[in-house]
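**Q** Contents of query.txt (compact mmCIF, C-alpha atoms and all ligand atoms) are given next:
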```txt
# COMPACT_ATOMS: atom_id res chain seq x y z
CA MET A 2 0.00 0.00 0.00
CA ILE A 3 1.34 3.44 -0.91
CA TYR A 4 0.41 6.16 1.54
CA MET A 5 -0.88 9.25 -0.25
CA ASP A 6 -3.13 10.56 2.50
CA ASN A 7 -0.80 12.86 4.44
CA ALA A 8 -3.42 15.62 4.62
CA ALA A 9 -5.55 13.24 6.71
CA SER A 10 -2.71 12.24 9.01
CA THR A 11 1.03 11.68 8.93
CA GLN A 12 3.38 9.00 10.13
CA CYS A 13 4.92 9.92 13.48
CA ASP A 14 8.56 10.96 13.03
CA GLU A 15 10.92 8.63 14.95
CA ARG A 16 12.48 11.68 16.62
CA VAL A 17 9.04 12.64 17.92
CA LEU A 18 8.47 9.13 19.27
CA ALA A 19 11.86 9.20 21.00
CA ALA A 20 11.02 12.53 22.68
CA MET A 21 7.62 11.23 23.83
CA TYR A 22 8.72 7.88 25.25
CA PRO A 23 10.24 9.08 28.57
CA MET A 24 7.01 10.99 29.30
CA PHE A 25 5.20 7.68 29.71
CA ASN A 26 7.59 6.19 32.28
CA SER A 27 10.20 8.46 33.87
CA HIS A 28 8.38 11.82 33.60
CA PHE A 29 4.83 10.64 34.13
CA ALA A 30 3.89 13.03 36.97
CA ASN A 31 1.03 15.49 36.68
CA PRO A 32 2.53 18.79 35.45
CA SER A 33 -0.10 20.78 37.34
CA ASN A 34 1.29 19.59 40.66
CA THR A 35 4.51 21.52 40.98
CA SER A 36 4.67 21.02 44.76
CA HIS A 37 7.15 18.19 44.12
CA SER A 38 10.10 17.98 41.79
CA MET A 39 8.59 15.26 39.57
CA GLY A 40 5.60 17.46 38.78
CA GLU A 41 7.91 20.39 38.25
CA GLU A 42 9.98 18.35 35.81
CA ALA A 43 6.91 17.32 33.79
CA ASN A 44 5.80 20.94 33.80
CA GLY A 45 9.23 21.93 32.48
CA HIS A 46 8.74 19.60 29.49
CA VAL A 47 5.30 21.08 28.81
CA ASN A 48 6.75 24.60 28.96
CA GLU A 49 9.58 23.71 26.60
CA ALA A 50 7.01 22.39 24.11
CA ARG A 51 5.05 25.62 24.54
CA ARG A 52 8.19 27.60 23.72
CA LEU A 53 8.84 25.53 20.57
CA VAL A 54 5.28 25.92 19.32
CA ALA A 55 5.19 29.64 20.13
CA LYS A 56 8.43 30.09 18.17
CA ASN A 57 6.70 28.58 15.10
CA LEU A 58 3.92 31.15 15.39
CA ASN A 59 5.93 34.17 16.60
CA CYS A 60 3.76 34.57 19.68
CA LEU A 61 4.23 34.52 23.44
CA ASP A 62 4.41 31.13 25.17
CA SER A 63 1.47 32.21 27.34
CA GLN A 64 -0.70 32.60 24.22
CA ILE A 65 -0.71 28.84 23.50
CA VAL A 66 -3.59 26.73 24.90
CA TRP A 67 -3.20 22.94 24.57
CA THR A 68 -6.21 20.99 23.32
CA SER A 69 -7.00 17.51 22.00
CA GLY A 70 -6.54 18.62 18.39
CA ALA A 71 -7.77 21.11 15.84
CA THR A 72 -11.39 19.96 16.17
CA GLU A 73 -11.42 21.05 19.79
CA SER A 74 -9.41 24.19 19.03
CA ASN A 75 -11.95 25.23 16.40
CA ASN A 76 -14.85 24.59 18.79
CA LEU A 77 -13.12 26.51 21.59
CA ALA A 78 -12.30 29.48 19.36
CA ILE A 79 -15.80 29.75 17.93
CA LEU A 80 -18.05 28.80 20.83
CA GLY A 81 -15.73 30.34 23.44
CA SER A 82 -15.39 33.71 21.71
CA ILE A 83 -19.12 34.01 21.05
CA LYS A 84 -19.77 33.12 24.70
CA ALA A 85 -17.37 35.89 25.76
CA THR A 86 -19.07 38.32 23.37
CA GLN A 87 -22.44 37.44 24.87
CA SER A 88 -21.10 37.83 28.42
CA ALA A 89 -19.81 41.27 27.46
CA GLY A 90 -23.40 42.29 26.80
CA ALA A 91 -24.02 41.53 23.13
CA THR A 92 -26.88 39.06 23.46
CA ARG A 93 -28.83 40.09 20.37
CA ASN A 94 -27.78 40.61 16.77
CA ILE A 95 -24.59 38.58 16.76
CA HIS A 96 -23.31 37.90 13.27
CA VAL A 97 -20.49 35.54 12.29
CA VAL A 98 -18.85 35.20 8.86
CA THR A 99 -17.29 31.97 7.66
CA SER A 100 -16.92 30.02 4.41
CA SER A 101 -18.87 27.07 3.11
CA ILE A 102 -15.64 25.09 2.55
CA GLU A 103 -14.44 25.04 6.14
CA HIS A 104 -13.71 21.77 7.90
CA LYS A 105 -16.71 20.18 9.64
CA SER A 106 -15.20 21.16 13.01
CA VAL A 107 -15.81 24.81 12.09
CA LEU A 108 -19.08 24.35 10.20
CA SER A 109 -20.78 22.24 12.88
CA PRO A 110 -20.28 24.56 15.88
CA LEU A 111 -21.39 27.47 13.69
CA GLU A 112 -24.50 25.56 12.59
CA ALA A 113 -25.22 24.91 16.27
CA LEU A 114 -24.86 28.65 17.01
CA ALA A 115 -27.14 29.43 14.07
CA ARG A 116 -29.80 27.16 15.59
CA SER A 117 -29.55 29.17 18.82
CA GLY A 118 -30.19 32.48 17.06
CA VAL A 119 -26.74 33.68 15.98
CA GLU A 120 -26.73 34.88 12.38
CA VAL A 121 -24.08 33.08 10.30
CA THR A 122 -23.04 33.92 6.72
CA PHE A 123 -21.36 31.10 4.78
CA ILE A 124 -19.33 32.55 1.90
CA ASN A 125 -18.85 30.36 -1.17
CA PRO A 126 -15.42 30.03 -2.79
CA ASN A 127 -14.64 31.27 -6.28
CA SER A 128 -13.92 28.68 -8.98
CA ASP A 129 -10.26 28.61 -7.85
CA GLY A 130 -11.40 27.47 -4.41
CA GLN A 131 -10.44 30.76 -2.75
CA ILE A 132 -12.42 32.86 -0.33
CA THR A 133 -11.78 36.40 -1.46
CA VAL A 134 -11.15 39.39 0.80
CA ALA A 135 -13.75 41.31 -1.24
CA ASP A 136 -16.45 38.72 -0.48
CA ILE A 137 -15.58 38.77 3.21
CA VAL A 138 -15.66 42.55 3.36
CA ALA A 139 -19.01 42.58 1.53
CA SER A 140 -20.55 40.25 4.10
CA ILE A 141 -19.48 42.25 7.17
CA LYS A 142 -22.23 44.08 9.07
CA ASP A 143 -22.32 46.29 12.16
CA SER A 144 -23.30 43.19 14.13
CA THR A 145 -20.36 41.06 12.91
CA LYS A 146 -18.40 39.85 15.93
CA LEU A 147 -16.32 37.02 14.51
CA VAL A 148 -14.87 35.88 11.18
CA SER A 149 -13.55 32.33 10.82
CA ILE A 150 -11.72 31.49 7.59
CA MET A 151 -9.33 28.58 7.12
CA HIS A 152 -5.76 29.23 6.04
CA ALA A 153 -5.40 26.38 3.52
CA ASN A 154 -8.22 24.09 2.51
CA ASN A 155 -7.68 20.45 3.44
CA GLU A 156 -9.09 19.10 0.16
CA THR A 157 -7.60 21.40 -2.46
CA GLY A 158 -4.68 22.91 -0.54
CA VAL A 159 -5.79 26.34 -1.74
CA ILE A 160 -4.66 29.22 0.47
CA SER A 161 -6.84 32.22 1.18
CA ASN A 162 -5.45 35.67 1.89
CA ILE A 163 -5.61 35.59 5.68
CA GLU A 164 -3.23 38.52 6.07
CA GLY A 165 -5.45 40.71 3.88
CA VAL A 166 -8.52 39.77 5.90
CA GLY A 167 -6.66 40.26 9.18
CA GLN A 168 -5.76 43.87 8.40
CA ILE A 169 -9.35 44.81 7.64
CA LEU A 170 -10.80 43.04 10.67
CA LYS A 171 -8.28 44.63 13.02
CA GLU A 172 -9.39 48.10 11.88
CA ARG A 173 -13.01 47.13 12.48
CA LYS A 174 -12.31 45.42 15.81
CA ILE A 175 -13.86 42.13 14.68
CA LEU A 176 -12.43 38.91 16.12
CA PHE A 177 -10.64 36.73 13.59
CA HIS A 178 -10.08 32.97 13.78
CA THR A 179 -8.19 30.85 11.29
CA ASP A 180 -7.98 27.07 11.14
CA ALA A 181 -4.32 26.53 10.21
CA SER A 182 -4.36 22.73 10.55
CA GLN A 183 -2.93 22.31 7.05
CA THR A 184 -0.29 25.05 7.24
CA PHE A 185 1.04 25.03 10.81
CA GLY A 186 4.58 23.63 10.81
CA LYS A 187 4.71 23.73 7.01
CA PHE A 188 4.90 27.49 6.53
CA ASN A 189 6.45 30.45 8.23
CA LEU A 190 3.32 31.44 10.16
CA ASP A 191 3.46 34.72 12.05
CA VAL A 192 0.27 35.43 13.98
CA ARG A 193 1.13 39.15 14.16
CA LYS A 194 1.45 39.45 10.40
CA LEU A 195 -1.66 37.34 9.84
CA GLY A 196 -3.57 39.59 12.23
CA VAL A 197 -5.50 36.74 13.84
CA ASP A 198 -6.97 36.57 17.35
CA PHE A 199 -7.21 32.76 17.34
CA LEU A 200 -5.34 30.13 15.29
CA SER A 201 -5.99 26.37 15.46
CA PHE A 202 -3.37 23.69 14.86
CA SER A 203 -2.87 19.97 15.28
CA ALA A 204 0.13 17.68 15.85
CA HIS A 205 -0.77 14.74 13.64
CA LYS A 206 -0.58 16.73 10.40
CA ILE A 207 3.11 17.47 11.03
CA TYR A 208 4.48 14.02 11.93
CA GLY A 209 3.38 14.28 15.57
CA PRO A 210 0.89 12.17 17.53
CA LYS A 211 -2.89 12.15 17.11
CA GLY A 212 -5.18 13.61 19.77
CA VAL A 213 -3.19 16.73 20.61
CA GLY A 214 -3.15 20.25 19.24
CA GLY A 215 -3.57 23.79 20.37
CA LEU A 216 -5.09 27.19 19.96
CA PHE A 217 -3.23 30.48 19.76
CA VAL A 218 -5.21 32.98 21.83
CA LYS A 219 -4.11 36.59 21.41
CA ASP A 220 -6.11 37.96 24.34
CA GLU A 221 -7.62 35.62 26.91
CA ALA A 222 -10.23 38.24 27.83
CA LYS A 223 -11.87 37.64 24.43
CA ILE A 224 -12.68 33.97 25.04
CA GLN A 225 -14.35 31.76 27.65
CA PRO A 226 -13.96 28.02 28.28
CA ILE A 227 -16.41 25.54 26.77
CA LEU A 228 -15.37 22.74 29.16
CA HIS A 229 -15.43 23.16 32.92
CA GLY A 230 -13.15 21.54 35.47
CA GLY A 231 -9.72 22.40 36.88
CA GLY A 232 -8.02 25.67 36.07
CA GLN A 233 -5.44 24.38 33.61
CA GLU A 234 -4.45 26.40 30.54
CA LEU A 235 -5.43 29.83 31.93
CA GLY A 236 -8.77 28.30 32.92
CA LEU A 237 -9.59 27.95 29.23
CA ARG A 238 -9.10 24.21 28.86
CA PRO A 239 -9.43 22.09 31.98
CA GLY A 240 -8.09 18.54 32.27
CA THR A 241 -4.79 16.89 33.10
CA LEU A 242 -2.37 17.80 30.35
CA ASN A 243 -1.46 15.13 27.79
CA VAL A 244 2.27 15.44 28.50
CA PRO A 245 3.53 12.82 25.99
CA GLY A 246 1.32 14.31 23.27
CA ILE A 247 2.33 17.89 24.05
CA VAL A 248 6.03 16.97 24.11
CA GLY A 249 5.52 15.16 20.78
CA LEU A 250 3.83 18.23 19.33
CA GLY A 251 6.70 20.41 20.56
CA LYS A 252 9.28 18.10 18.98
CA ALA A 253 7.33 17.92 15.71
CA ALA A 254 7.18 21.74 15.66
CA GLU A 255 10.91 21.98 16.40
CA ILE A 256 11.77 19.61 13.54
CA SER A 257 9.40 21.38 11.17
CA TYR A 258 10.92 24.75 12.00
CA VAL A 259 14.29 23.49 10.77
CA GLN A 260 13.26 21.38 7.81
CA ARG A 261 9.97 22.78 6.53
CA GLU A 262 11.56 24.43 3.49
CA THR A 263 13.56 21.36 2.50
CA ASP A 264 10.44 19.23 2.94
CA ALA A 265 8.29 21.67 0.96
CA ASN A 266 10.72 21.87 -1.97
CA ARG A 267 11.02 18.09 -2.23
CA ILE A 268 7.27 17.59 -1.93
CA TYR A 269 6.59 20.30 -4.51
CA GLU A 270 8.82 18.54 -7.08
CA PHE A 271 6.95 15.28 -6.45
CA ARG A 272 3.61 17.01 -6.85
CA LYS A 273 4.62 18.64 -10.15
CA ARG A 274 5.73 15.25 -11.50
CA LEU A 275 2.54 13.57 -10.30
CA GLU A 276 0.14 16.19 -11.68
CA ALA A 277 1.90 16.41 -15.06
CA ALA A 278 1.79 12.62 -15.46
CA LEU A 279 -1.85 12.35 -14.42
CA MET A 280 -2.96 15.14 -16.75
CA SER A 281 -1.24 13.39 -19.64
CA ILE A 282 -3.55 10.38 -19.21
CA HIS A 283 -6.63 12.19 -20.57
CA PRO A 284 -7.25 15.82 -21.68
CA ALA A 285 -10.26 16.17 -19.37
CA ILE A 286 -8.38 15.31 -16.18
CA THR A 287 -8.17 18.48 -14.10
CA VAL A 288 -6.24 19.61 -11.06
CA ASN A 289 -8.60 21.63 -8.88
CA GLY A 290 -7.96 24.94 -7.20
CA HIS A 291 -5.70 27.94 -7.68
CA GLN A 292 -2.50 26.78 -9.34
CA LEU A 293 -0.16 29.15 -7.48
CA GLU A 294 -1.85 29.91 -4.16
CA ARG A 295 -1.73 26.30 -3.06
CA ILE A 296 0.27 24.40 -0.42
CA PRO A 297 2.75 21.96 -1.99
CA ASN A 298 1.54 18.68 -0.51
CA ILE A 299 -2.06 18.39 -1.77
CA SER A 300 -3.35 17.52 -5.25
CA SER A 301 -7.07 17.42 -5.87
CA VAL A 302 -7.57 15.71 -9.22
CA SER A 303 -10.89 15.15 -11.00
CA PHE A 304 -11.21 12.25 -13.46
CA PRO A 305 -13.84 12.13 -16.25
CA VAL A 306 -15.13 8.73 -15.18
CA LYS A 307 -18.06 7.11 -17.04
CA GLN A 308 -21.45 7.66 -15.39
CA GLY A 309 -22.34 5.10 -12.75
CA LEU A 310 -18.73 4.19 -11.98
CA ARG A 311 -16.61 5.22 -9.04
CA LEU A 312 -12.85 5.33 -9.48
CA THR A 313 -12.04 4.49 -5.87
CA ASP A 314 -13.81 1.12 -6.27
CA TYR A 315 -10.94 0.13 -8.58
CA ILE A 316 -7.99 1.46 -6.56
CA ASN A 317 -6.60 -1.08 -4.15
CA ASN A 318 -2.97 -0.19 -3.63
CA ILE A 319 -3.05 3.51 -2.84
CA ALA A 320 -4.22 5.04 0.44
CA LEU A 321 -5.95 8.26 -0.60
CA SER A 322 -9.23 10.04 -0.08
CA THR A 323 -12.07 11.64 -1.95
CA GLY A 324 -12.72 14.72 0.14
CA SER A 325 -11.85 14.92 3.81
CA ALA A 326 -11.25 11.82 5.96
CA CYS A 327 -13.75 13.29 8.44
CA ASP A 328 -16.53 13.17 5.81
CA ASN A 329 -15.88 9.58 4.82
CA HIS A 330 -18.24 8.22 7.49
CA ASP A 331 -21.30 9.03 5.38
CA ARG A 332 -19.60 8.63 1.96
CA ALA A 333 -21.28 11.89 1.01
CA PRO A 334 -19.69 13.76 -1.91
CA SER A 335 -17.19 16.39 -0.79
CA HIS A 336 -18.94 19.62 0.25
CA VAL A 337 -15.84 21.51 -0.93
CA MET A 338 -16.07 20.11 -4.47
CA ILE A 339 -19.81 20.76 -4.59
CA LYS A 340 -19.31 24.38 -3.45
CA MET A 341 -16.64 24.76 -6.15
CA GLY A 342 -19.26 23.85 -8.72
CA LYS A 343 -18.63 20.13 -9.35
CA SER A 344 -21.46 17.68 -9.96
CA VAL A 345 -21.98 14.88 -7.41
CA HIS A 346 -20.51 12.38 -9.91
CA SER A 347 -17.45 14.52 -10.52
CA ALA A 348 -16.97 15.19 -6.78
CA ARG A 349 -17.09 11.43 -6.17
CA ASN A 350 -14.44 10.94 -8.84
CA THR A 351 -12.08 13.54 -7.45
CA LEU A 352 -9.07 12.09 -5.70
CA ARG A 353 -7.14 13.90 -3.00
CA LEU A 354 -3.54 12.75 -3.17
CA SER A 355 -1.41 14.18 -0.40
CA ILE A 356 2.35 13.83 -0.20
CA GLY A 357 4.48 13.89 2.95
CA ARG A 358 8.00 13.94 4.36
CA PHE A 359 8.32 10.18 4.03
CA THR A 360 7.01 9.83 0.46
CA THR A 361 9.65 8.49 -1.93
CA GLU A 362 10.24 9.06 -5.64
CA ASP A 363 9.55 5.37 -6.28
CA GLU A 364 6.19 5.72 -4.60
CA ILE A 365 5.26 8.66 -6.81
CA GLU A 366 6.18 6.61 -9.91
CA SER A 367 4.14 3.64 -8.63
CA VAL A 368 1.11 5.87 -8.00
CA ILE A 369 1.36 7.18 -11.56
CA SER A 370 1.60 3.65 -13.03
CA GLU A 371 -1.26 2.38 -10.88
CA LEU A 372 -3.57 5.25 -11.81
CA LYS A 373 -2.71 4.89 -15.51
CA LEU A 374 -3.61 1.22 -15.30
CA VAL A 375 -6.75 1.62 -13.21
CA THR A 376 -8.27 4.44 -15.28
CA ARG A 377 -7.92 2.46 -18.54
CA GLY A 378 -11.43 1.81 -19.83
CA LEU A 379 -13.10 3.80 -17.04
CA LEU A 380 -12.80 7.28 -18.56
CA THR A 381 -15.26 8.85 -20.98
N1 LIG B 401 -9.30 21.37 10.25
C1 LIG B 401 -8.70 20.94 9.13
C2 LIG B 401 -8.53 21.88 7.99
C3 LIG B 401 -8.26 19.62 9.05
O1 LIG B 401 -7.68 19.19 7.92
C4 LIG B 401 -8.46 18.76 10.16
C5 LIG B 401 -8.03 17.31 10.09
N2 LIG B 401 -8.78 16.56 9.16
C6 LIG B 401 -9.07 19.27 11.30
C7 LIG B 401 -9.48 20.58 11.32
C8 LIG B 401 -9.30 18.42 12.51
O2 LIG B 401 -8.10 18.20 13.19
P1 LIG B 401 -7.98 17.10 14.32
O3 LIG B 401 -7.91 15.79 13.63
O4 LIG B 401 -6.69 17.45 15.03
O5 LIG B 401 -9.14 17.23 15.22
```
Rewrite the structure of this file - the entire thing - as structure tokens.

**A**
Amino acid sequence: MIYMDNAASTQCDERVLAAMYPMFNSHFANPSNTSHSMGEEANGHVNEARRLVAKNLNCLDSQIVWTSGATESNNLAILGSIKATQSAGATRNIHVVTSSIEHKSVLSPLEALARSGVEVTFINPNSDGQITVADIVASIKDSTKLVSIMHANNETGVISNIEGVGQILKERKILFHTDASQTFGKFNLDVRKLGVDFLSFSAHKIYGPKGVGGLFVKDEAKIQPILHGGGQELGLRPGTLNVPGIVGLGKAAEISYVQRETDANRIYEFRKRLEAALMSIHPAITVNGHQLERIPNISSVSFPVKQGLRLTDYINNIALSTGSACDNHDRAPSHVMIKMGKSVHSARNTLRLSIGRFTTEDEIESVISELKLVTRGLLT
């Protein structure tokens, strides 16, 4: 099996595993109990991870809140900031702007808020899969309290102009959240330049463990907790800290900081080779999304498959997805492809191939050969 699903999750880097291991046996104490040296030591490891992650985002260590992953970070940013807005007195006429191609962990909490009376505008992408600054500005009202727009889309890899949006929202004093799950650790992200109040990230997209992530919070006064318990993480996220996971995330961030450019260049060359070879199979095969404003590791490719057939039924040796892994439970066509104007049939015959640090040249060649073979006789 060739793994081409790195946008869904990545293999843990051995260096990350090595950093995590001692946290399970020698440094297992609860980092919140610093009344003894073992707790203090565990807390030291958590703080070092905080420093490494903060360095990746150019923020203060104290602005990082650990969570169980980007799903929780997105929920905390959205539900927690609206809760804080409501506590500050704005109980009526709350408006939120987002896009229709966000991950389900942004769409679902916003749909829940909409059911409770918050007004939510879902902006559609243009045909390149981008959410434009002009469309965001046009949807802002006096009652707009929060804008949540993802940095790079997890299905197409298309990047939206977060910095441009950030500048405008700062002037208008509107809170700004971005889901950076697909760009954190892969790009030089600077929260000050981006102008965001909240930024979500996850460890398992950057060769770290699953079930751990974080939220950058610019000003803790602008957000309230959505879980209640102990006072960990500035009182914003209670629960005993996942020390092995956090240390793994810190190590993954440290490695990425050093090698993200080398990784990106190598991955970009692989993607160019892959896309050129796939497009040579048939003139109607298309690579979706903006061709320049796109992260290097994701290719969304639509195949002109004969009606009634589904390409993935014929692919046995490549681990890939059609749409997001999180949507695969219901086998529904990708909401991103549909919002970009594809038919249900075309959305179902769009493959997301995502390359990673451990992908080899041989694997890229094998994927090309396999897809050439499999598509024979299936295309219109
Ligand atoms: N947002 C985006 C854009 C993602 O790609 C993912 C992972 N599929 C998530 C959020 C959810 O992240 P996690 O798995 O850490 O909850």

**Q** Would you give me, as JSON lines, each residue of chain A having an atom within 7 Å of an atom of ligand LIG 401 (chain B), along with its shortest atom pair and that distance in Å to one decimal, using all atoms listed in the file and sorting by chain and residue number?

**A**
```
{"residue": "A:Ala8", "atom": "CA", "partner": "B:LIG401", "partner_atom": "O1", "distance": 6.5}
{"residue": "A:Ala9", "atom": "CA", "partner": "B:LIG401", "partner_atom": "N2", "distance": 5.2}
{"residue": "A:Ser69", "atom": "CA", "partner": "B:LIG401", "partner_atom": "O4", "distance": 7.0}
{"residue": "A:Gly70", "atom": "CA", "partner": "B:LIG401", "partner_atom": "O4", "distance": 3.6}
{"residue": "A:Ala71", "atom": "CA", "partner": "B:LIG401", "partner_atom": "O4", "distance": 3.9}
{"residue": "A:Thr72", "atom": "CA", "partner": "B:LIG401", "partner_atom": "O5", "distance": 3.7}
{"residue": "A:Glu73", "atom": "CA", "partner": "B:LIG401", "partner_atom": "O5", "distance": 6.4}
{"residue": "A:Glu103", "atom": "CA", "partner": "B:LIG401", "partner_atom": "C2", "distance": 7.0}
{"residue": "A:His104", "atom": "CA", "partner": "B:LIG401", "partner_atom": "N1", "distance": 5.0}
{"residue": "A:Ser106", "atom": "CA", "partner": "B:LIG401", "partner_atom": "C7", "distance": 6.0}
{"residue": "A:Met151", "atom": "CA", "partner": "B:LIG401", "partner_atom": "C2", "distance": 6.8}
{"residue": "A:Asn154", "atom": "CA", "partner": "B:LIG401", "partner_atom": "C2", "distance": 5.9}
{"residue": "A:Asn155", "atom": "CA", "partner": "B:LIG401", "partner_atom": "O1", "distance": 4.7}
{"residue": "A:Asp180", "atom": "CA", "partner": "B:LIG401", "partner_atom": "N1", "distance": 5.9}
{"residue": "A:Ala181", "atom": "CA", "partner": "B:LIG401", "partner_atom": "C2", "distance": 6.7}
{"residue": "A:Ser182", "atom": "CA", "partner": "B:LIG401", "partner_atom": "C1", "distance": 4.9}
{"residue": "A:Gln183", "atom": "CA", "partner": "B:LIG401", "partner_atom": "C2", "distance": 5.7}
{"residue": "A:Ser203", "atom": "CA", "partner": "B:LIG401", "partner_atom": "O4", "distance": 4.6}
{"residue": "A:Ala204", "atom": "CA", "partner": "B:LIG401", "partner_atom": "O4", "distance": 6.9}
{"residue": "A:His205", "atom": "CA", "partner": "B:LIG401", "partner_atom": "O4", "distance": 6.7}
{"residue": "A:Lys211", "atom": "CA", "partner": "B:LIG401", "partner_atom": "O4", "distance": 6.8}
{"residue": "A:Gly212", "atom": "CA", "partner": "B:LIG401", "partner_atom": "O4", "distance": 6.3}
{"residue": "A:Val213", "atom": "CA", "partner": "B:LIG401", "partner_atom": "O4", "distance": 6.6}
{"residue": "A:Gly214", "atom": "CA", "partner": "B:LIG401", "partner_atom": "O4", "distance": 6.2}
{"residue": "A:Ser325", "atom": "CA", "partner": "B:LIG401", "partner_atom": "N2", "distance": 6.4}
{"residue": "A:Ala326", "atom": "CA", "partner": "B:LIG401", "partner_atom": "N2", "distance": 6.2}
{"residue": "A:Cys327", "atom": "CA", "partner": "B:LIG401", "partner_atom": "N2", "distance": 6.0}
```

**Q** Show me, as AutoDock Vina command-line options, the centre and edge lengths in Å to one decimal of the axis-aligned box that covers every listed atom of range 262-267 of chain A with 5 Å on each side.

**A**
```
--center_x 10.9 --center_y 21.3 --center_z 0.6 --size_x 15.3 --size_y 16.3 --size_z 15.7
```

**Q** List every residue of range 24-117 of chain A that has an atom at most 10 Å from any atom of range 231-237 of chain A, giving for each one its closest atom pair and the distance in Å to one decimal, counting all atoms listed in the file, sorted by chain and then by ascending residue number, as a Markdown table.

**A**
```
| residue | atom | partner | partner_atom | distance |
| --- | --- | --- | --- | --- |
| A:Pro32 | CA | A:Gln233 | CA | 9.9 |
| A:Ser33 | CA | A:Gln233 | CA | 7.4 |
| A:Ser63 | CA | A:Leu235 | CA | 8.6 |
| A:Gln64 | CA | A:Leu235 | CA | 9.5 |
| A:Ile65 | CA | A:Glu234 | CA | 8.3 |
| A:Val66 | CA | A:Glu234 | CA | 5.7 |
| A:Trp67 | CA | A:Glu234 | CA | 7.0 |
| A:Thr68 | CA | A:Glu234 | CA | 9.2 |
| A:Leu77 | CA | A:Leu237 | CA | 8.5 |
| A:Gly81 | CA | A:Leu237 | CA | 8.8 |
```

**Q** Report as a ChimeraX atom specification all protein, DNA and RNA residues lying within 8 Å of range 12-14 of chain A, evaluated on all atoms listed in the file, omitting residues in the same chain fewer than 6 positions from it.

**A** /A:205,208-210,253,359

**Q** Using only C-alpha atoms for the distances, tell me which of A:Asn31, A:Thr323, A:Thr99, A:Asn243 is nearest to Glu156 in chain A.

**A**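 Of A:Asn31, A:Thr323, A:Thr99, A:Asn243, the one nearest Glu156 in chain A, counting only C-alpha atoms, is A:Thr323.
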
**Q** Quick one, how far is CA of Thr145 in chain A from CA of Ile175 in chain A?

**A**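 Spanning CA of Thr145 in chain A to CA of Ile175 in chain A is a straight-line distance of 6.8 Å.
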
**Q** Between A:Ala55, A:Ile268, A:Ala89, A:Val121, which one has atoms that come closest to Arg193 in chain A, using all atoms listed in the file?

**A**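 Of A:Ala55, A:Ile268, A:Ala89, A:Val121, the one nearest Arg193 in chain A is A:Ala55, counting all atoms listed in the file.
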
**Q** Determine the nearest neighbour of Asp62 in chain A from the options A:Ala50, A:Val166, A:Val159, A:Ile247, counting all atoms listed in the file.

**A** A:Ala50

**Q** With distances taken over only C-alpha atoms, which of A:Thr157, A:Asn350, A:Leu61, A:Leu176 is nearest to Ser128 in chain A?

**A**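 The answer is A:Thr157, which sits nearest to Ser128 in chain A.
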
**Q** What's the separation between CA of His96 in chain A and CA of Ile141 in chain A, in Å to one decimal place?

**A**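 Between these atoms lies a distance of 8.4 Å.
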
**Q** For a quick check of your reading of the model, name the residues lying within 6 Å of the coordinate (-9.9, 23.2, -9.4), counting only C-alpha atoms, and write them as a PDB file with C-alpha atoms, keeping the file's coordinate frame.

**A**
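Output (out.pdb):
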```
ATOM      1  CA  ASP A 129     -10.260  28.610  -7.850  1.00  0.00           C
ATOM      2  CA  VAL A 288      -6.240  19.610 -11.060  1.00  0.00           C
ATOM      3  CA  ASN A 289      -8.600  21.630  -8.880  1.00  0.00           C
ATOM      4  CA  GLY A 290      -7.960  24.940  -7.200  1.00  0.00           C
TER       5      GLY A 290
END
```

**Q** Just give me the gap between CA of Asn75 in chain A and CA of Ala115 in chain A in Å, one decimal is fine.

**A**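 Answer for the CA of Asn75 in chain A to CA of Ala115 in chain A separation: 15.9 Å.
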
**Q** Give as a PDB file with C-alpha atoms, in the coordinates of the input each residue that has an atom at most 9 Å from (-0.8, 35.7, 15.5) in the file, counting all atoms listed in the file.

**A**
```pdb
ATOM      1  CA  LEU A  58       3.920  31.150  15.390  1.00  0.00           C
ATOM      2  CA  ASN A  59       5.930  34.170  16.600  1.00  0.00           C
ATOM      3  CA  CYS A  60       3.760  34.570  19.680  1.00  0.00           C
ATOM      4  CA  LEU A 190       3.320  31.440  10.160  1.00  0.00           C
ATOM      5  CA  ASP A 191       3.460  34.720  12.050  1.00  0.00           C
ATOM      6  CA  VAL A 192       0.270  35.430  13.980  1.00  0.00           C
ATOM      7  CA  ARG A 193       1.130  39.150  14.160  1.00  0.00           C
ATOM      8  CA  LYS A 194       1.450  39.450  10.400  1.00  0.00           C
ATOM      9  CA  LEU A 195      -1.660  37.340   9.840  1.00  0.00           C
ATOM     10  CA  GLY A 196      -3.570  39.590  12.230  1.00  0.00           C
ATOM     11  CA  VAL A 197      -5.500  36.740  13.840  1.00  0.00           C
ATOM     12  CA  ASP A 198      -6.970  36.570  17.350  1.00  0.00           C
ATOM     13  CA  PHE A 199      -7.210  32.760  17.340  1.00  0.00           C
ATOM     14  CA  LEU A 200      -5.340  30.130  15.290  1.00  0.00           C
ATOM     15  CA  PHE A 217      -3.230  30.480  19.760  1.00  0.00           C
ATOM     16  CA  VAL A 218      -5.210  32.980  21.830  1.00  0.00           C
ATOM     17  CA  LYS A 219      -4.110  36.590  21.410  1.00  0.00           C
TER      18      LYS A 219
END
```

**Q** Looking at only C-alpha atoms, which of A:Lys206, A:Ile316, A:His229, A:Ile369 is the one that sits closest to Phe271 in chain A?

**A**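 Distance minimum relative to Phe271 in chain A lands on A:Ile369.
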
**Q** Choose the residue, out of A:Gly246, A:Gly45, A:Pro334, A:Gly158, that has the smallest atom-to-atom separation from Ala348 in chain A; count all atoms listed in the file.

**A**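 Answer, going by the shortest atom-to-atom distance: A:Pro334.
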